[in-house]
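my_file.pdb follows (PDB, C-alpha atoms, pLDDT in the B column):
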ATOM      1  CA  MET A 108     -71.067  25.439  28.923  1.00 48.00           C
ATOM      2  CA  ALA A 109     -69.794  22.054  27.778  1.00 56.00           C
ATOM      3  CA  ARG A 110     -68.932  21.526  24.136  1.00 56.00           C
ATOM      4  CA  MET A 111     -69.572  18.392  22.086  1.00 54.00           C
ATOM      5  CA  ASN A 112     -65.994  17.189  22.500  1.00 56.00           C
ATOM      6  CA  ASP A 113     -66.295  17.277  26.302  1.00 52.00           C
ATOM      7  CA  VAL A 114     -67.763  13.809  26.802  1.00 52.00           C
ATOM      8  CA  GLY A 115     -65.979  12.902  30.017  1.00 53.00           C
ATOM      9  CA  GLY A 116     -68.246  10.775  32.195  1.00 54.00           C
ATOM     10  CA  MET A 117     -70.859  10.280  29.471  1.00 57.00           C
ATOM     11  CA  THR A 118     -72.014   6.833  28.487  1.00 66.00           C
ATOM     12  CA  GLY A 119     -73.411   5.410  25.272  1.00 70.00           C
ATOM     13  CA  PHE A 120     -70.453   5.958  22.958  1.00 64.00           C
ATOM     14  CA  GLY A 121     -69.512   2.288  22.743  1.00 73.00           C
ATOM     15  CA  ALA A 122     -66.212   0.587  23.364  1.00 76.00           C
ATOM     16  CA  ILE A 123     -62.925   2.312  22.637  1.00 68.00           C
ATOM     17  CA  ASP A 124     -60.760   0.582  20.055  1.00 71.00           C
ATOM     18  CA  THR A 125     -57.373   0.232  21.714  1.00 72.00           C
ATOM     19  CA  SER A 126     -55.806  -1.973  19.057  1.00 78.00           C
ATOM     20  CA  ASP A 127     -52.430  -0.789  17.849  1.00 77.00           C
ATOM     21  CA  ASP A 128     -52.289   0.488  14.260  1.00 75.00           C
ATOM     22  CA  ALA A 129     -49.051  -0.065  12.375  1.00 81.00           C
ATOM     23  CA  GLU A 130     -49.724   2.960  10.149  1.00 86.00           C
ATOM     24  CA  PRO A 131     -50.095   6.479  11.559  1.00 87.00           C
ATOM     25  CA  PHE A 132     -52.689   7.409   8.914  1.00 93.00           C
ATOM     26  CA  GLN A 133     -55.582   5.434   7.456  1.00 90.00           C
ATOM     27  CA  ALA A 134     -55.425   7.281   4.104  1.00 95.00           C
ATOM     28  CA  ASP A 135     -53.031   9.559   2.228  1.00 96.00           C
ATOM     29  CA  TRP A 136     -55.300  12.583   2.650  1.00 97.00           C
ATOM     30  CA  GLU A 137     -54.957  12.315   6.432  1.00 97.00           C
ATOM     31  CA  ALA A 138     -51.172  12.684   6.152  1.00 98.00           C
ATOM     32  CA  ARG A 139     -51.654  15.765   3.957  1.00 98.00           C
ATOM     33  CA  VAL A 140     -54.075  17.331   6.460  1.00 98.00           C
ATOM     34  CA  PHE A 141     -51.573  16.631   9.255  1.00 98.00           C
ATOM     35  CA  ALA A 142     -48.737  18.248   7.256  1.00 98.00           C
ATOM     36  CA  LEU A 143     -50.900  21.231   6.287  1.00 98.00           C
ATOM     37  CA  GLN A 144     -51.879  21.866   9.901  1.00 98.00           C
ATOM     38  CA  ARG A 145     -48.222  21.746  10.990  1.00 98.00           C
ATOM     39  CA  ALA A 146     -47.124  24.086   8.186  1.00 98.00           C
ATOM     40  CA  LEU A 147     -49.854  26.609   9.014  1.00 98.00           C
ATOM     41  CA  LEU A 148     -48.865  26.540  12.690  1.00 98.00           C
ATOM     42  CA  VAL A 149     -45.193  27.115  11.827  1.00 98.00           C
ATOM     43  CA  LYS A 150     -46.144  30.016   9.527  1.00 98.00           C
ATOM     44  CA  LYS A 151     -48.294  31.407  12.378  1.00 98.00           C
ATOM     45  CA  VAL A 152     -51.418  31.533  10.232  1.00 98.00           C
ATOM     46  CA  PHE A 153     -53.232  30.369  13.356  1.00 98.00           C
ATOM     47  CA  ASN A 154     -52.201  29.022  16.731  1.00 98.00           C
ATOM     48  CA  LEU A 155     -53.009  25.775  18.483  1.00 97.00           C
ATOM     49  CA  ASP A 156     -55.656  27.352  20.715  1.00 97.00           C
ATOM     50  CA  GLU A 157     -57.502  28.730  17.673  1.00 98.00           C
ATOM     51  CA  PHE A 158     -57.216  25.358  15.956  1.00 98.00           C
ATOM     52  CA  ARG A 159     -58.629  23.485  18.941  1.00 96.00           C
ATOM     53  CA  ASP A 160     -61.441  26.025  19.319  1.00 96.00           C
ATOM     54  CA  ALA A 161     -62.382  25.606  15.646  1.00 97.00           C
ATOM     55  CA  ILE A 162     -62.726  21.861  16.193  1.00 96.00           C
ATOM     56  CA  GLU A 163     -64.648  22.234  19.438  1.00 94.00           C
ATOM     57  CA  THR A 164     -67.196  24.632  17.955  1.00 93.00           C
ATOM     58  CA  MET A 165     -68.259  22.210  15.198  1.00 93.00           C
ATOM     59  CA  PRO A 166     -71.995  21.528  15.267  1.00 92.00           C
ATOM     60  CA  PRO A 167     -72.568  18.402  17.413  1.00 89.00           C
ATOM     61  CA  ALA A 168     -73.970  16.252  14.596  1.00 91.00           C
ATOM     62  CA  GLU A 169     -71.010  17.090  12.336  1.00 93.00           C
ATOM     63  CA  TYR A 170     -68.532  16.520  15.165  1.00 93.00           C
ATOM     64  CA  LEU A 171     -69.921  13.075  15.980  1.00 90.00           C
ATOM     65  CA  ALA A 172     -70.074  12.029  12.307  1.00 93.00           C
ATOM     66  CA  ALA A 173     -66.530  13.195  11.506  1.00 95.00           C
ATOM     67  CA  SER A 174     -63.315  11.247  11.821  1.00 93.00           C
ATOM     68  CA  TYR A 175     -60.315  12.675  13.673  1.00 93.00           C
ATOM     69  CA  TYR A 176     -58.693  14.181  10.585  1.00 96.00           C
ATOM     70  CA  GLU A 177     -62.028  15.298   9.129  1.00 97.00           C
ATOM     71  CA  ARG A 178     -62.307  17.454  12.257  1.00 97.00           C
ATOM     72  CA  TRP A 179     -58.804  18.780  11.619  1.00 97.00           C
ATOM     73  CA  PHE A 180     -59.693  19.630   8.008  1.00 97.00           C
ATOM     74  CA  HIS A 181     -62.872  21.368   9.153  1.00 96.00           C
ATOM     75  CA  ALA A 182     -60.820  23.491  11.563  1.00 97.00           C
ATOM     76  CA  ILE A 183     -58.255  24.377   8.894  1.00 97.00           C
ATOM     77  CA  ARG A 184     -60.982  25.426   6.429  1.00 96.00           C
ATOM     78  CA  THR A 185     -62.805  27.406   9.101  1.00 96.00           C
ATOM     79  CA  LEU A 186     -59.702  29.289  10.212  1.00 98.00           C
ATOM     80  CA  LEU A 187     -58.410  30.008   6.719  1.00 97.00           C
ATOM     81  CA  GLU A 188     -61.818  31.408   5.751  1.00 97.00           C
ATOM     82  CA  HIS A 189     -62.181  33.389   8.976  1.00 96.00           C
ATOM     83  CA  LYS A 190     -58.739  34.948   8.536  1.00 96.00           C
ATOM     84  CA  GLY A 191     -59.365  35.779   4.868  1.00 96.00           C
ATOM     85  CA  VAL A 192     -56.619  33.502   3.565  1.00 95.00           C
ATOM     86  CA  ILE A 193     -59.096  31.711   1.285  1.00 94.00           C
ATOM     87  CA  ALA A 194     -62.535  32.638  -0.011  1.00 93.00           C
ATOM     88  CA  GLN A 195     -65.591  31.382   1.863  1.00 92.00           C
ATOM     89  CA  GLY A 196     -66.394  27.858   0.630  1.00 87.00           C
ATOM     90  CA  ALA A 197     -63.218  27.540  -1.454  1.00 87.00           C
ATOM     91  CA  LEU A 198     -62.394  24.136   0.054  1.00 80.00           C
ATOM     92  CA  ASN A 199     -65.916  22.802   0.554  1.00 78.00           C
ATOM     93  CA  ASP A 200     -65.586  20.194  -2.199  1.00 69.00           C
ATOM     94  CA  ALA A 201     -62.058  19.235  -1.177  1.00 62.00           C
TER      95      ALA A 201
END
Using structure tokens, write down the structure that the file contains.
Amino acid sequence: MARMNDVGGMTGFGAIDTSDDAEPFQADWEARVFALQRALLVKKVFNLDEFRDAIETMPPAEYLAASYYERWFHAIRTLLEHKGVIAQGALNDA
């Protein structure tokens, strides 16, 4: 079964922006999400396969509406809740 992220060969998603960005992050919060993900991987709170799976199992409408790092943050929240590191919904307003 294909997941929402598996769009290979599909049409209708518009042109891909291939312009080069000088900055690696569009906003400060993106850099913090990147750093948090790396720290949690190093501490073995979750692994990369779990992280990718958490992104890929997002509901399709949420996945399509989310930016790259919004998907990362969703995965981090999902995994931390699932593993009992944080309470359910603790980061929903973050």
Just give me the gap between CA of Phe158 in chain A and CA of Tyr175 in chain A in Å, one decimal is fine.
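Between these atoms lies a distance of 13.3 Å.
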Let me know the residues the PyMOL selection byres ((chain A and resi 183) around 12) catches in the file above, as a ChimeraX atom specification.
/A:139-148,152-155,157-162,176-182,184-190,192-193,197-199,201
For a test of reading the model, state the distance in Å between CA of Glu137 in chain A and CA of Ser174 in chain A, rounded to one decimal.
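CA of Ser174 in chain A lies at a distance of 10.0 Å from CA of Glu137 in chain A.
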Separation of CA of Ala173 in chain A from CA of Gln133 in chain A, in Å and rounded to one decimal:
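Result for CA of Ala173 in chain A versus CA of Gln133 in chain A: 14.0 Å, one decimal.
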Centre and edge lengths of an axis-aligned box around all listed atoms of range 134-138 of chain A, with 5 Å added on each side, are to be given in Å to one decimal, as JSON.
{"center_x": -53.3, "center_y": 10.0, "center_z": 4.3, "size_x": 14.3, "size_y": 15.4, "size_z": 14.2}
Please, could N, CA, C and O atoms be added to range 122-142 of chain A and the result written as a short mmCIF file (atom, residue, chain, number, x, y, z; two decimals), in the coordinates of the input?
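out.cif was written with the following content:
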data_model
loop_
_atom_site.label_atom_id
_atom_site.label_comp_id
_atom_site.auth_asym_id
_atom_site.auth_seq_id
_atom_site.Cartn_x
_atom_site.Cartn_y
_atom_site.Cartn_z
N ALA A 122 -67.56 0.93 22.92
CA ALA A 122 -66.21 0.59 23.36
C ALA A 122 -65.17 1.39 22.60
O ALA A 122 -65.36 1.79 21.46
N ILE A 123 -64.05 1.62 23.25
CA ILE A 123 -62.92 2.31 22.64
C ILE A 123 -62.01 1.27 22.02
O ILE A 123 -61.62 0.31 22.67
N ASP A 124 -61.68 1.49 20.75
CA ASP A 124 -60.76 0.58 20.06
C ASP A 124 -59.33 0.91 20.49
O ASP A 124 -58.81 1.97 20.18
N THR A 125 -58.73 0.01 21.22
CA THR A 125 -57.37 0.23 21.71
C THR A 125 -56.35 -0.60 20.96
O THR A 125 -55.20 -0.68 21.37
N SER A 126 -56.76 -1.20 19.84
CA SER A 126 -55.81 -1.97 19.06
C SER A 126 -54.74 -1.04 18.48
O SER A 126 -55.00 0.12 18.19
N ASP A 127 -53.55 -1.58 18.32
CA ASP A 127 -52.43 -0.79 17.85
C ASP A 127 -52.38 -0.81 16.32
O ASP A 127 -52.36 -1.87 15.71
N ASP A 128 -52.40 0.37 15.71
CA ASP A 128 -52.29 0.49 14.26
C ASP A 128 -50.83 0.60 13.86
O ASP A 128 -50.08 1.38 14.44
N ALA A 129 -50.43 -0.14 12.86
CA ALA A 129 -49.05 -0.06 12.38
C ALA A 129 -48.82 1.24 11.61
O ALA A 129 -47.71 1.77 11.61
N GLU A 130 -49.85 1.75 10.95
CA GLU A 130 -49.72 2.96 10.15
C GLU A 130 -50.28 4.16 10.91
O GLU A 130 -51.33 4.06 11.54
N PRO A 131 -49.59 5.30 10.84
CA PRO A 131 -50.10 6.48 11.56
C PRO A 131 -51.33 7.11 10.91
O PRO A 131 -52.07 7.83 11.58
N PHE A 132 -51.55 6.84 9.62
CA PHE A 132 -52.69 7.41 8.91
C PHE A 132 -53.44 6.30 8.19
O PHE A 132 -52.83 5.36 7.69
N GLN A 133 -54.75 6.42 8.13
CA GLN A 133 -55.58 5.43 7.46
C GLN A 133 -55.65 5.67 5.95
O GLN A 133 -55.95 4.76 5.19
N ALA A 134 -55.38 6.92 5.52
CA ALA A 134 -55.42 7.28 4.10
C ALA A 134 -54.42 8.40 3.84
O ALA A 134 -54.04 9.13 4.76
N ASP A 135 -54.01 8.54 2.59
CA ASP A 135 -53.03 9.56 2.23
C ASP A 135 -53.51 10.97 2.57
O ASP A 135 -52.72 11.83 2.97
N TRP A 136 -54.79 11.24 2.39
CA TRP A 136 -55.30 12.58 2.65
C TRP A 136 -55.12 12.97 4.11
O TRP A 136 -54.93 14.15 4.42
N GLU A 137 -55.16 12.01 5.02
CA GLU A 137 -54.96 12.32 6.43
C GLU A 137 -53.54 12.83 6.68
O GLU A 137 -53.35 13.79 7.44
N ALA A 138 -52.56 12.23 6.02
CA ALA A 138 -51.17 12.68 6.15
C ALA A 138 -51.03 14.10 5.61
O ALA A 138 -50.31 14.93 6.19
N ARG A 139 -51.72 14.42 4.53
CA ARG A 139 -51.65 15.76 3.96
C ARG A 139 -52.30 16.79 4.89
O ARG A 139 -51.80 17.90 5.05
N VAL A 140 -53.42 16.42 5.51
CA VAL A 140 -54.08 17.33 6.46
C VAL A 140 -53.16 17.56 7.66
O VAL A 140 -53.00 18.70 8.12
N PHE A 141 -52.52 16.51 8.14
CA PHE A 141 -51.57 16.63 9.26
C PHE A 141 -50.45 17.60 8.88
O PHE A 141 -50.12 18.51 9.64
N ALA A 142 -49.85 17.41 7.70
CA ALA A 142 -48.74 18.25 7.26
C ALA A 142 -49.19 19.70 7.06
O ALA A 142 -48.46 20.64 7.42
#
